[in-house]
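> Input target-v1.cif, format and content: mmCIF, C-alpha atoms and all ligand atoms.
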data_run
#
loop_
_atom_site.label_atom_id
_atom_site.label_comp_id
_atom_site.auth_asym_id
_atom_site.auth_seq_id
_atom_site.Cartn_x
_atom_site.Cartn_y
_atom_site.Cartn_z
CA MET A 1 -89.34 254.14 51.15
CA LEU A 2 -91.24 252.25 48.48
CA PRO A 3 -92.74 248.91 49.44
CA PRO A 4 -90.30 246.13 48.43
CA ASP A 5 -93.04 243.99 46.92
CA ASN A 6 -94.36 246.55 44.45
CA MET A 7 -92.49 244.93 41.50
CA GLY A 8 -91.90 248.34 39.93
CA LEU A 9 -95.41 248.58 38.52
CA ILE A 10 -96.22 252.05 37.23
CA LEU A 11 -99.66 253.18 36.10
CA GLY A 12 -99.18 255.72 33.30
CA ILE A 13 -101.88 258.23 32.37
CA GLU A 14 -101.90 260.37 29.21
CA SER A 15 -104.51 262.96 28.21
CA SER A 16 -102.55 265.78 26.56
CA CYS A 17 -104.44 265.88 23.26
CA ASP A 18 -107.14 263.66 21.79
CA GLU A 19 -106.43 260.23 23.27
CA THR A 20 -107.32 259.18 26.80
CA ALA A 21 -104.77 256.53 27.66
CA ALA A 22 -103.72 254.40 30.62
CA ALA A 23 -101.12 251.64 30.82
CA VAL A 24 -99.39 249.45 33.36
CA VAL A 25 -95.65 248.98 32.76
CA ARG A 26 -93.30 246.94 34.92
CA GLY A 27 -89.76 248.18 35.45
CA GLY A 28 -89.99 250.78 32.72
CA ARG A 29 -90.06 248.17 29.97
CA GLU A 30 -92.56 245.37 30.29
CA VAL A 31 -95.95 246.56 28.99
CA LEU A 32 -98.68 244.69 30.87
CA SER A 33 -101.49 246.76 29.35
CA ASN A 34 -101.76 249.74 27.02
CA VAL A 35 -105.31 251.08 26.65
CA VAL A 36 -106.09 254.01 24.35
CA ALA A 37 -109.53 255.57 23.90
CA SER A 38 -109.21 257.62 20.75
CA GLN A 39 -111.45 260.61 20.06
CA MET A 40 -110.32 260.71 16.45
CA GLU A 41 -113.69 259.97 14.89
CA MET A 42 -115.36 262.78 16.82
CA HIS A 43 -112.69 265.36 15.93
CA ALA A 44 -112.69 264.14 12.32
CA LEU A 45 -116.16 265.66 11.98
CA TYR A 46 -114.54 269.08 12.57
CA GLY A 47 -111.34 268.42 10.60
CA GLY A 48 -109.12 268.79 13.68
CA VAL A 49 -108.99 268.61 17.47
CA VAL A 50 -111.58 270.81 19.23
CA PRO A 51 -110.10 271.51 22.72
CA GLU A 52 -113.41 271.79 24.63
CA LEU A 53 -114.72 268.55 23.17
CA ALA A 54 -111.40 266.83 23.95
CA SER A 55 -111.65 267.79 27.66
CA ARG A 56 -115.21 266.56 27.86
CA GLU A 57 -114.32 263.22 26.28
CA HIS A 58 -111.32 262.78 28.60
CA LEU A 59 -113.65 263.30 31.57
CA ARG A 60 -115.98 260.67 30.22
CA ASN A 61 -113.21 258.16 29.47
CA ILE A 62 -110.60 258.49 32.19
CA VAL A 63 -112.16 256.21 34.83
CA PRO A 64 -113.11 253.33 32.48
CA VAL A 65 -109.74 253.54 30.68
CA VAL A 66 -107.74 253.31 33.94
CA ARG A 67 -109.97 250.50 35.19
CA GLU A 68 -109.47 248.61 31.92
CA ALA A 69 -105.68 249.09 32.02
CA LEU A 70 -105.54 247.55 35.52
CA ARG A 71 -107.90 244.75 34.52
CA GLN A 72 -105.90 243.82 31.38
CA ALA A 73 -102.66 243.91 33.38
CA GLY A 74 -104.17 241.73 36.09
CA VAL A 75 -102.92 244.21 38.67
CA ARG A 76 -104.66 245.57 41.77
CA ALA A 77 -104.37 249.30 42.42
CA ASP A 78 -102.64 248.67 45.77
CA GLU A 79 -99.86 246.74 43.95
CA LEU A 80 -98.78 249.84 42.02
CA ALA A 81 -95.46 251.47 42.89
CA ALA A 82 -96.47 254.86 41.49
CA VAL A 83 -98.87 256.79 39.30
CA ALA A 84 -97.28 258.72 36.40
CA VAL A 85 -99.06 261.40 34.40
CA THR A 86 -98.33 263.73 31.49
CA SER A 87 -98.02 267.27 32.85
CA GLY A 88 -97.36 268.97 29.48
CA PRO A 89 -97.03 270.08 26.78
CA GLY A 90 -100.56 269.84 25.45
CA LEU A 91 -104.05 271.31 25.70
CA ALA A 92 -104.59 272.82 29.17
CA GLY A 93 -108.08 271.45 29.73
CA ALA A 94 -107.15 268.02 28.41
CA LEU A 95 -103.99 267.78 30.55
CA LEU A 96 -105.93 268.84 33.65
CA VAL A 97 -108.27 265.87 33.40
CA GLY A 98 -105.40 263.37 33.57
CA ILE A 99 -103.51 265.35 36.21
CA SER A 100 -106.52 265.81 38.51
CA PHE A 101 -107.35 262.13 38.24
CA ALA A 102 -103.75 261.01 38.82
CA LYS A 103 -103.34 263.27 41.84
CA ALA A 104 -106.53 262.06 43.47
CA TYR A 105 -105.78 258.42 42.66
CA ALA A 106 -102.19 258.52 43.94
CA PHE A 107 -103.31 260.34 47.08
CA ALA A 108 -106.10 257.85 47.79
CA LEU A 109 -103.71 254.91 47.29
CA GLY A 110 -100.89 256.52 49.25
CA LYS A 111 -98.56 256.08 46.24
CA PRO A 112 -96.07 258.55 44.78
CA LEU A 113 -97.05 260.74 41.83
CA ILE A 114 -94.60 261.22 38.94
CA ALA A 115 -94.90 264.05 36.40
CA VAL A 116 -93.77 263.22 32.85
CA ASN A 117 -93.08 265.49 29.91
CA HIS A 118 -95.05 264.18 26.91
CA LEU A 119 -92.04 264.65 24.61
CA GLU A 120 -89.83 262.61 26.92
CA GLY A 121 -92.57 259.98 26.82
CA HIS A 122 -92.31 259.79 23.01
CA ILE A 123 -88.56 259.22 23.26
CA HIS A 124 -89.09 256.47 25.82
CA ALA A 125 -91.56 254.73 23.53
CA VAL A 126 -88.41 253.70 21.63
CA LEU A 127 -85.92 253.41 24.48
CA MET A 128 -88.13 251.02 26.43
CA GLN A 129 -87.92 248.49 23.61
CA HIS A 130 -84.16 248.51 23.16
CA THR A 131 -81.98 246.95 25.81
CA THR A 132 -78.82 248.72 24.74
CA MET A 133 -80.37 252.16 24.51
CA GLY A 134 -82.75 252.57 27.42
CA ALA A 135 -82.41 253.06 31.13
CA PRO A 136 -81.38 250.05 33.22
CA ARG A 137 -83.67 247.12 33.08
CA PHE A 138 -85.84 246.20 36.00
CA ALA A 139 -83.80 243.16 36.99
CA GLU A 140 -80.52 245.05 36.63
CA THR A 141 -81.45 247.85 38.95
CA TRP A 142 -84.13 246.80 41.28
CA ASP A 143 -83.93 243.12 42.09
CA PHE A 144 -86.83 243.79 44.39
CA ASN A 145 -84.33 245.59 46.57
CA PRO A 146 -84.57 249.39 46.77
CA ASP A 147 -80.92 249.64 47.79
CA ALA A 148 -79.89 248.19 44.44
CA ALA A 149 -81.39 251.16 42.61
CA SER A 150 -78.05 252.76 41.81
CA LYS A 151 -76.31 249.59 40.63
CA PRO A 152 -74.26 250.36 37.50
CA MET A 153 -75.71 249.63 34.10
CA SER A 154 -74.68 246.63 32.10
CA GLN A 155 -71.57 246.87 29.93
CA ASP A 156 -73.34 246.81 26.60
CA ARG A 157 -74.92 250.20 27.16
CA ASP A 158 -73.09 253.14 25.71
CA MET A 159 -72.70 255.12 28.91
CA GLY A 160 -72.56 258.87 28.56
CA HIS A 161 -72.76 258.80 24.77
CA PRO A 162 -75.71 260.84 23.59
CA LEU A 163 -78.52 259.70 21.33
CA LEU A 164 -80.24 261.97 18.85
CA ALA A 165 -84.03 261.87 19.16
CA LEU A 166 -86.36 263.22 16.49
CA VAL A 167 -89.83 263.68 18.00
CA VAL A 168 -92.19 264.25 15.11
CA SER A 169 -95.93 264.42 15.66
CA GLY A 170 -99.03 266.54 15.11
CA GLY A 171 -97.86 269.08 17.68
CA HIS A 172 -94.07 268.78 17.64
CA THR A 173 -91.03 268.51 15.43
CA HIS A 174 -88.02 268.57 17.73
CA LEU A 175 -84.49 267.23 17.76
CA TYR A 176 -82.97 266.39 21.14
CA LEU A 177 -79.62 265.16 22.27
CA ALA A 178 -80.49 262.69 25.03
CA ARG A 179 -77.88 261.52 27.51
CA TRP A 180 -78.11 258.90 30.26
CA ASP A 181 -75.64 259.55 33.09
CA GLY A 182 -76.31 256.36 35.02
CA GLN A 183 -78.98 257.97 37.19
CA ALA A 184 -81.17 260.12 34.97
CA TRP A 185 -81.74 261.25 31.41
CA SER A 186 -80.92 264.80 30.39
CA TYR A 187 -81.91 266.49 27.15
CA ARG A 188 -80.74 269.32 24.96
CA ASN A 189 -82.97 270.76 22.26
CA VAL A 190 -80.85 271.17 19.12
CA GLY A 191 -83.62 271.69 16.54
CA ARG A 192 -87.28 272.61 16.41
CA THR A 193 -89.93 273.70 13.96
CA VAL A 194 -90.23 277.45 13.67
CA ASP A 195 -93.87 277.17 12.55
CA ASP A 196 -96.02 274.07 11.83
CA ALA A 197 -95.18 270.57 13.06
CA ALA A 198 -94.60 267.93 10.37
CA GLY A 199 -97.76 266.02 11.37
CA GLU A 200 -99.71 269.27 11.20
CA ALA A 201 -98.41 269.79 7.64
CA TYR A 202 -99.58 266.27 6.75
CA ASP A 203 -103.00 266.97 8.28
CA LYS A 204 -103.37 270.37 6.60
CA ALA A 205 -102.26 269.11 3.18
CA ALA A 206 -104.68 266.18 3.45
CA LYS A 207 -107.53 268.51 4.43
CA LEU A 208 -106.69 270.79 1.52
CA LEU A 209 -106.92 267.80 -0.83
CA GLY A 210 -110.29 266.68 0.54
CA LEU A 211 -108.94 263.68 2.44
CA GLY A 212 -109.96 262.60 5.95
CA TYR A 213 -108.53 263.49 9.36
CA PRO A 214 -105.91 262.69 10.53
CA GLY A 215 -104.27 263.12 7.15
CA GLY A 216 -100.90 261.50 7.87
CA PRO A 217 -102.02 257.89 7.49
CA TRP A 218 -103.91 258.73 4.26
CA ILE A 219 -100.96 260.49 2.66
CA ASP A 220 -98.71 257.63 3.81
CA ARG A 221 -100.84 255.01 2.08
CA LEU A 222 -101.81 256.97 -1.03
CA SER A 223 -98.21 258.03 -1.73
CA ALA A 224 -97.41 254.50 -2.86
CA PHE A 225 -99.54 255.14 -5.98
CA GLY A 226 -97.98 258.45 -7.06
CA ASN A 227 -94.69 259.70 -8.50
CA PRO A 228 -92.65 261.33 -5.69
CA ARG A 229 -90.62 263.33 -8.24
CA ALA A 230 -93.59 264.83 -10.10
CA VAL A 231 -93.78 268.12 -8.15
CA PRO A 232 -90.53 269.73 -6.95
CA PHE A 233 -91.06 271.29 -3.51
CA ARG A 234 -88.35 273.49 -2.04
CA PHE A 235 -87.81 274.38 1.60
CA ALA A 236 -86.97 277.97 2.49
CA GLU A 237 -83.65 278.65 4.20
CA ILE A 238 -84.27 279.19 7.88
CA ASN A 239 -82.19 280.06 10.92
CA ARG A 240 -79.01 277.96 10.77
CA GLY A 241 -77.47 279.34 13.98
CA THR A 242 -73.73 279.99 14.15
CA ALA A 243 -70.77 277.79 13.16
CA GLU A 244 -70.07 276.99 16.83
CA LYS A 245 -73.72 276.54 17.74
CA PRO A 246 -75.63 275.60 14.60
CA SER A 247 -79.36 275.09 14.84
CA PHE A 248 -81.13 272.33 12.98
CA ASP A 249 -84.54 273.93 12.70
CA PHE A 250 -87.49 272.93 10.54
CA SER A 251 -90.23 274.87 8.78
CA PHE A 252 -93.33 273.25 7.32
CA SER A 253 -95.74 276.12 6.76
CA GLY A 254 -94.25 276.90 3.32
CA ILE A 255 -94.96 273.48 1.86
CA LYS A 256 -98.61 273.73 2.89
CA THR A 257 -98.85 277.02 0.96
CA ALA A 258 -97.02 275.44 -1.98
CA VAL A 259 -99.59 272.60 -2.08
CA LEU A 260 -102.39 275.19 -2.06
CA ARG A 261 -100.74 277.13 -4.89
CA HIS A 262 -100.29 273.95 -6.93
CA VAL A 263 -103.97 273.09 -6.45
CA GLU A 264 -105.02 276.57 -7.59
CA THR A 265 -102.70 276.80 -10.59
CA HIS A 266 -103.56 273.28 -11.81
CA GLY A 267 -107.32 273.63 -11.60
CA MET A 268 -107.74 270.85 -9.05
CA LYS A 269 -110.40 272.48 -6.88
CA PHE A 270 -113.43 270.92 -8.49
CA ALA A 271 -112.06 267.36 -8.13
CA ILE A 272 -111.13 268.08 -4.51
CA GLU A 273 -114.65 269.25 -3.61
CA ARG A 274 -116.10 266.19 -5.30
CA ARG A 275 -113.78 263.94 -3.29
CA ARG A 276 -114.56 265.78 -0.04
CA ALA A 277 -118.30 265.41 -0.64
CA ALA A 278 -117.98 261.71 -1.54
CA LEU A 279 -115.89 260.94 1.57
CA SER A 280 -118.11 262.95 3.91
CA VAL A 281 -120.84 260.33 3.57
CA VAL A 282 -118.55 257.29 4.01
CA ALA A 283 -117.57 256.21 7.51
CA ASN A 284 -114.14 254.54 7.75
CA ALA A 285 -113.47 254.64 4.01
CA ALA A 286 -111.30 251.84 2.62
CA LEU A 287 -108.03 252.66 0.86
CA ASP A 288 -109.42 251.45 -2.49
CA THR A 289 -112.40 253.80 -2.15
CA VAL A 290 -110.20 256.81 -1.45
CA ARG A 291 -107.71 255.88 -4.12
CA ALA A 292 -110.49 255.58 -6.71
CA LEU A 293 -111.44 259.17 -5.87
CA CYS A 294 -107.90 260.44 -6.60
CA ASP A 295 -106.67 261.01 -10.18
CA ALA A 296 -103.02 260.51 -11.17
CA GLU A 297 -102.24 264.22 -10.76
CA THR A 298 -103.49 264.17 -7.16
CA LEU A 299 -101.57 260.99 -6.33
CA ASP A 300 -98.41 262.54 -7.76
CA LEU A 301 -98.93 265.66 -5.66
CA ILE A 302 -99.45 263.54 -2.52
CA ALA A 303 -96.35 261.41 -3.17
CA SER A 304 -94.24 264.51 -3.91
CA PHE A 305 -95.43 266.23 -0.74
CA GLN A 306 -94.49 263.21 1.33
CA ALA A 307 -91.08 262.81 -0.34
CA ALA A 308 -90.32 266.49 0.39
CA VAL A 309 -91.36 266.36 4.05
CA VAL A 310 -89.54 263.09 4.74
CA GLY A 311 -86.47 264.35 2.85
CA ASN A 312 -86.40 267.50 4.97
CA LEU A 313 -86.75 265.57 8.25
CA LEU A 314 -83.99 263.23 7.14
CA ARG A 315 -81.58 265.97 6.03
CA GLN A 316 -81.83 267.99 9.22
CA THR A 317 -81.57 264.90 11.43
CA LEU A 318 -78.50 263.57 9.63
CA ALA A 319 -76.85 267.01 9.71
CA ALA A 320 -77.46 267.23 13.48
CA ALA A 321 -76.16 263.68 13.97
CA ALA A 322 -72.98 264.47 12.02
CA PHE A 323 -72.36 267.76 13.84
CA HIS A 324 -72.85 266.24 17.29
CA GLY A 325 -70.99 263.02 16.49
CA VAL A 326 -73.96 260.86 17.35
CA HIS A 327 -74.22 257.23 16.22
CA SER A 328 -77.68 256.32 17.50
CA ILE A 329 -80.89 257.96 16.33
CA VAL A 330 -84.35 257.50 17.77
CA VAL A 331 -87.40 258.60 15.74
CA SER A 332 -90.73 258.80 17.56
CA GLY A 333 -94.15 260.47 17.62
CA GLY A 334 -97.15 259.91 15.35
CA VAL A 335 -95.28 260.66 12.10
CA ALA A 336 -92.74 257.95 13.03
CA ALA A 337 -95.46 255.51 11.95
CA ASN A 338 -94.89 256.70 8.36
CA ARG A 339 -93.56 253.92 6.15
CA GLU A 340 -91.60 256.08 3.74
CA LEU A 341 -89.94 257.88 6.65
CA ARG A 342 -88.93 254.56 8.22
CA ARG A 343 -87.64 253.24 4.91
CA ARG A 344 -85.53 256.29 4.08
CA PHE A 345 -84.14 256.71 7.59
CA ALA A 346 -83.19 253.03 7.74
CA GLU A 347 -81.63 253.18 4.27
CA GLU A 348 -79.59 256.35 4.95
CA ALA A 349 -78.56 255.22 8.42
CA ALA A 350 -77.27 251.93 7.01
CA THR A 351 -75.11 253.69 4.42
CA ARG A 352 -73.62 255.98 7.11
CA GLY A 353 -73.13 253.30 9.77
CA LEU A 354 -75.70 254.89 12.07
CA HIS A 355 -78.08 253.01 14.32
CA VAL A 356 -81.73 254.10 13.93
CA GLN A 357 -84.71 252.86 15.96
CA PHE A 358 -88.46 253.46 15.75
CA PRO A 359 -91.22 252.59 18.18
CA ALA A 360 -93.60 249.71 17.55
CA PRO A 361 -96.60 251.20 15.69
CA ALA A 362 -98.82 250.98 18.81
CA LEU A 363 -96.28 253.05 20.73
CA ALA A 364 -95.66 255.64 17.97
CA THR A 365 -98.86 257.63 18.43
CA ASP A 366 -99.96 258.96 21.83
CA ASN A 367 -100.17 256.29 24.53
CA ALA A 368 -99.60 255.92 28.26
CA ALA A 369 -97.07 253.06 28.19
CA MET A 370 -94.45 255.59 27.08
CA ILE A 371 -95.39 257.82 30.03
CA ALA A 372 -94.98 254.95 32.50
CA ALA A 373 -91.64 254.03 30.85
CA ALA A 374 -90.30 257.58 31.11
CA ALA A 375 -91.35 257.64 34.78
CA TRP A 376 -89.22 254.60 35.66
CA PRO A 377 -85.86 256.37 36.19
CA ARG A 378 -87.74 258.99 38.23
CA LEU A 379 -89.19 256.27 40.46
CA LEU A 380 -85.67 254.91 41.03
CA ALA A 381 -84.42 258.41 41.80
CA ARG A 382 -87.47 259.19 44.01
CA ASP A 383 -88.14 262.21 41.82
CA PHE A 384 -91.79 262.71 42.73
CA ALA A 385 -94.31 265.46 42.00
CA GLY A 386 -96.10 267.34 44.75
CA ASN A 387 -99.82 267.66 45.21
CA ASP A 388 -99.59 271.10 43.63
CA LEU A 389 -98.73 269.58 40.22
CA ASN A 390 -100.39 271.65 37.51
CA ALA A 391 -100.77 271.45 33.73
CA THR A 392 -98.00 273.21 31.77
CA PRO A 393 -99.34 273.56 28.21
CA GLN A 394 -96.04 275.00 26.87
CA LEU A 395 -93.74 272.69 28.83
CA ARG A 396 -90.30 272.36 27.21
CA LEU A 397 -87.94 269.44 27.36
CA GLY A 398 -84.34 270.06 28.40
CA ALA A 399 -82.04 272.98 27.81
CA VAL A 400 -81.78 274.75 24.46
O1 LIG B 1 -98.01 261.61 18.44
P1 LIG B 1 -99.40 261.82 17.94
O2 LIG B 1 -100.40 260.72 18.11
O3 LIG B 1 -100.04 263.08 18.62
C1 LIG B 1 -99.37 264.28 18.87
O4 LIG B 1 -98.68 264.36 19.94
O5 LIG B 1 -99.48 265.15 17.99
O6 LIG B 1 -99.27 262.26 16.40
C2 LIG B 1 -100.38 262.50 15.58
C3 LIG B 1 -99.88 263.00 14.23
C4 LIG B 1 -100.98 263.46 13.29
O7 LIG B 1 -100.59 264.70 12.73
C5 LIG B 1 -101.03 262.36 12.23
O8 LIG B 1 -101.45 262.82 10.96
C6 LIG B 1 -99.59 261.91 12.20
O9 LIG B 1 -99.17 261.95 13.55
N1 LIG B 1 -99.47 260.54 11.68
C7 LIG B 1 -98.82 260.24 10.53
C8 LIG B 1 -98.95 258.83 10.34
N2 LIG B 1 -99.69 258.34 11.40
C9 LIG B 1 -99.99 259.40 12.21
N3 LIG B 1 -98.15 261.01 9.67
C10 LIG B 1 -97.59 260.43 8.60
N4 LIG B 1 -97.70 259.10 8.34
C11 LIG B 1 -98.36 258.28 9.19
N5 LIG B 1 -98.45 256.98 8.92
ZN ZN B 2 -97.65 263.00 21.08
#
Give the structure from the file, written as structure tokens.

Amino acid sequence: MLPPDNMGLILGIESSCDETAAAVVRGGREVLSNVVASQMEMHALYGGVVPELASREHLRNIVPVVREALRQAGVRADELAAVAVTSGPGLAGALLVGISFAKAYAFALGKPLIAVNHLEGHIHAVLMQHTTMGAPRFAETWDFNPDAASKPMSQDRDMGHPLLALVVSGGHTHLYLARWDGQAWSYRNVGRTVDDAAGEAYDKAAKLLGLGYPGGPWIDRLSAFGNPRAVPFRFAEINRGTAEKPSFDFSFSGIKTAVLRHVETHGMKFAIERRRAALSVVANAALDTVRALCDAETLDLIASFQAAVVGNLLRQTLAAAAFHGVHSIVVSGGVAANRELRRRFAEEAATRGLHVQFPAPALATDNAAMIAAAAWPRLLARDFAGNDLNATPQLRLGAV
């Protein structure tokens, strides 16, 4: 049995890609600290994440990041109820750093270890902030009394009715039906990218245009200065499944090729190389600096690319929501920070009477608060990982 005075404090640890993160969350919702050591600047030198360097940086950062998360939360390690860690999907070497640390730490403290799927974490980055969508609140379920763990949820929560979650990041573009049954969340994967993730397409298009890494935030900000209708991009027809079991898949490799073709046929290469060279000697370039290096044709291409990607994400998500009769949509992952995506989803959802939620910007990209939040129902259900927990780089979420 868990100690009654632990207050439901979970230490979350995340190291699946290029951020070493630790957070302390109370009762699956209240973020007491959320520390992220980003390796972005180092990987930017190579134009993308270098797995060996990521593992090395995680090793260097994990102890100070966990220590800082506890310090900021004002929590002693012995007050924790559990240690939660991302077990996949992600880079094997990177995941192993977090897992090895979490196992040793939980063992030394005599606390339970909880394994969390990174994708489930992204969904919980949104659920944890919305009282009517997420798992039961701390006070509703726990009341400092372990026997109250299975108390029914409050009336305002839409019991048994599924949500549709779009997880859209540098590594993933997935649509899940997520259902809370009063005890646990279950997931069904109803759409996925058949090639590149949307964030990967943003990063590759930005790299192609001589912009910095990661490219998503640059394209997001520069798009405001271009004409989104200047270049018509089309998405190839992909697997649509059957009438009874349609699939709402995505494909983003074609648009990257289309950007490349546009660059070649419009003689943009020289300007791109000039921009790349100019930006390679500027650390943390300001938006005005980058914008000044982009002509109108480039800004139009950037805005058109973004409009096409966001339009595609929106179309598939709305089609899945209509088919599955879902009224609530959750959009999460790094690309959920995109302003145009938020604007268009909110606009379309309002016209269709749908409810759409995004994470706070700090919880959109990889972090450990979302891992601790996703671990909360598992703590209540005593769903703990064994000491043989291993990294699962290709870990899936839910049934297909
Ligand atoms: O969730 P995340 O931090 O890591 C993964 O699990 O992949 O997502 C990172 C991805 C990168 O591809 C980055 O370019 C993209 O999210 N991203 C954005 C924005 N901010 C981050 N894409 C579009 N617009 C943004 N504002
Ligand atoms: Zn992620």
> Set the cut-off to 8 Å, count only C-alpha atoms and all ligand atoms, and list whatever residues fall near ligand ZN 2 (chain B) as a PyMOL selection string.
chain A and resi 16-17+118-119+122+169-172+333-334+365-367
> Nearest residue to ligand LIG 1 (chain B) out of A:Val281, A:Ala368, A:Ala391, A:Ala69, using only C-alpha atoms and all ligand atoms?
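Counting only C-alpha atoms and all ligand atoms, the residue closest to ligand LIG 1 (chain B) is A:Ala368.
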> What's the 10 Å shell around A:Pro214, counting only C-alpha atoms, without same-chain residues fewer than 4 positions away, as an NGL selection string?
:A and (40-41 or 43-44 or 47-49 or 170 or 199-200 or 202-204 or 206-207 or 218-219)
> Atom CA of A:Ala197 and atom CA of A:Val290, how far apart in Å?
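Spanning atom CA of A:Val290 to atom CA of A:Ala197 is a straight-line distance of 25.0 Å.
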> With a distance cut-off of 8 Å and only C-alpha atoms, select the neighbouring residues of A:Gly98, excluding the residue or stretch itself and same-chain residues fewer than 2 positions from it, and output the selection as a PyMOL selection string.
chain A and resi 13-16+58+62+85-86+94-96+100-102
> Mind pulling up the distance from atom CA of A:Ala22 to atom CA of A:Val66?
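Answer for the atom CA of A:Val66 to atom CA of A:Ala22 separation: 5.3 Å.
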> Which residues are close to stretch 227-243 of chain A, i.e. within 12 Å by only C-alpha atoms, leaving aside same-chain residues fewer than 4 positions away? Reply as an NGL selection string.
:A and (190-195 or 219-220 or 222-223 or 247-259 or 261-263 or 266 or 296-313 or 315-316 or 319-320 or 323 or 340)
> Between atom C1 of ligand LIG 1 (chain B) and atom CA of A:Leu166, what is the spacing in Å?
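Between atom CA of A:Leu166 and atom C1 of ligand LIG 1 (chain B) the gap is 13.3 Å.
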> When distances are computed from only C-alpha atoms, which of A:Arg179, A:Arg339, A:Arg188, A:His324 shows the smallest separation from A:Pro246?
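Closest residue, counting only C-alpha atoms: A:His324.
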> For each of A:Gly325, A:Gly216, A:Gly28, A:Gly12, take the minimum atom-to-atom distance to ligand LIG 1 (chain B), counting all atoms listed in the file, then give the residue where this is smallest.
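Of A:Gly325, A:Gly216, A:Gly28, A:Gly12, the one nearest ligand LIG 1 (chain B), counting all atoms listed in the file, is A:Gly216.
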> Please determine, counting all atoms listed in the file, which residue among A:Thr317, A:Thr173, A:Gln394, A:Ser87 has the shortest atom-to-atom distance to ligand LIG 1 (chain B).
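Looking only at the distances to ligand LIG 1 (chain B), the closest residue turns out to be A:Thr173.
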> What are the centre and edge lengths in Å, to one decimal, of the axis-aligned box around all listed atoms of ligand LIG 1 (chain B) with 4 Å added on each side, as AutoDock Vina command-line options?

--center_x -99.5 --center_y 261.1 --center_z 14.1 --size_x 11.9 --size_y 16.2 --size_z 19.6
> Which neighbours of A:Ile329 fall inside 7 Å, counting only C-alpha atoms, when residues of the same chain fewer than 4 positions from it are skipped, and could you give them as JSON, numbers by chain?
{"A": [163, 164, 165, 355, 356, 357]}
> Put those residues in a file: C-alpha atoms, as a tab-separated table (two decimals), in the coordinates of the input.

chain	number	residue	atom	x	y	z
A	163	LEU	CA	-78.52	259.70	21.33
A	164	LEU	CA	-80.24	261.97	18.85
A	165	ALA	CA	-84.03	261.87	19.16
A	355	HIS	CA	-78.08	253.01	14.32
A	356	VAL	CA	-81.73	254.10	13.93
A	357	GLN	CA	-84.71	252.86	15.96
> Considering only C-alpha atoms, can you say which of A:Leu397, A:Leu363, A:Leu127, A:Val116 comes closest to A:Asn34?
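Closest to A:Asn34, using only C-alpha atoms: A:Leu363.
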> Could you tell me which of A:Glu348, A:Glu57, A:Glu244, A:Glu120 comes closest to ligand LIG 1 (chain B) if we count all atoms listed in the file?
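Between A:Glu348, A:Glu57, A:Glu244, A:Glu120, the residue approaching ligand LIG 1 (chain B) most closely is A:Glu120.
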> Distance cut-off 10 Å, centre (-84.0, 265.4, 30.8) in file coordinates, counting all atoms listed in the file: which residues qualify? Return them as a PyMOL selection string.
chain A and resi 117+120+176-180+184-188+397-399
> Would you export the selected residues with C-alpha atoms as a PDB file, keeping the file's coordinate frame, please?

ATOM      1  CA  ASN A 117     -93.080 265.490  29.910  1.00  0.00           C
ATOM      2  CA  GLU A 120     -89.830 262.610  26.920  1.00  0.00           C
ATOM      3  CA  TYR A 176     -82.970 266.390  21.140  1.00  0.00           C
ATOM      4  CA  LEU A 177     -79.620 265.160  22.270  1.00  0.00           C
ATOM      5  CA  ALA A 178     -80.490 262.690  25.030  1.00  0.00           C
ATOM      6  CA  ARG A 179     -77.880 261.520  27.510  1.00  0.00           C
ATOM      7  CA  TRP A 180     -78.110 258.900  30.260  1.00  0.00           C
ATOM      8  CA  ALA A 184     -81.170 260.120  34.970  1.00  0.00           C
ATOM      9  CA  TRP A 185     -81.740 261.250  31.410  1.00  0.00           C
ATOM     10  CA  SER A 186     -80.920 264.800  30.390  1.00  0.00           C
ATOM     11  CA  TYR A 187     -81.910 266.490  27.150  1.00  0.00           C
ATOM     12  CA  ARG A 188     -80.740 269.320  24.960  1.00  0.00           C
ATOM     13  CA  LEU A 397     -87.940 269.440  27.360  1.00  0.00           C
ATOM     14  CA  GLY A 398     -84.340 270.060  28.400  1.00  0.00           C
ATOM     15  CA  ALA A 399     -82.040 272.980  27.810  1.00  0.00           C
TER      16      ALA A 399
END
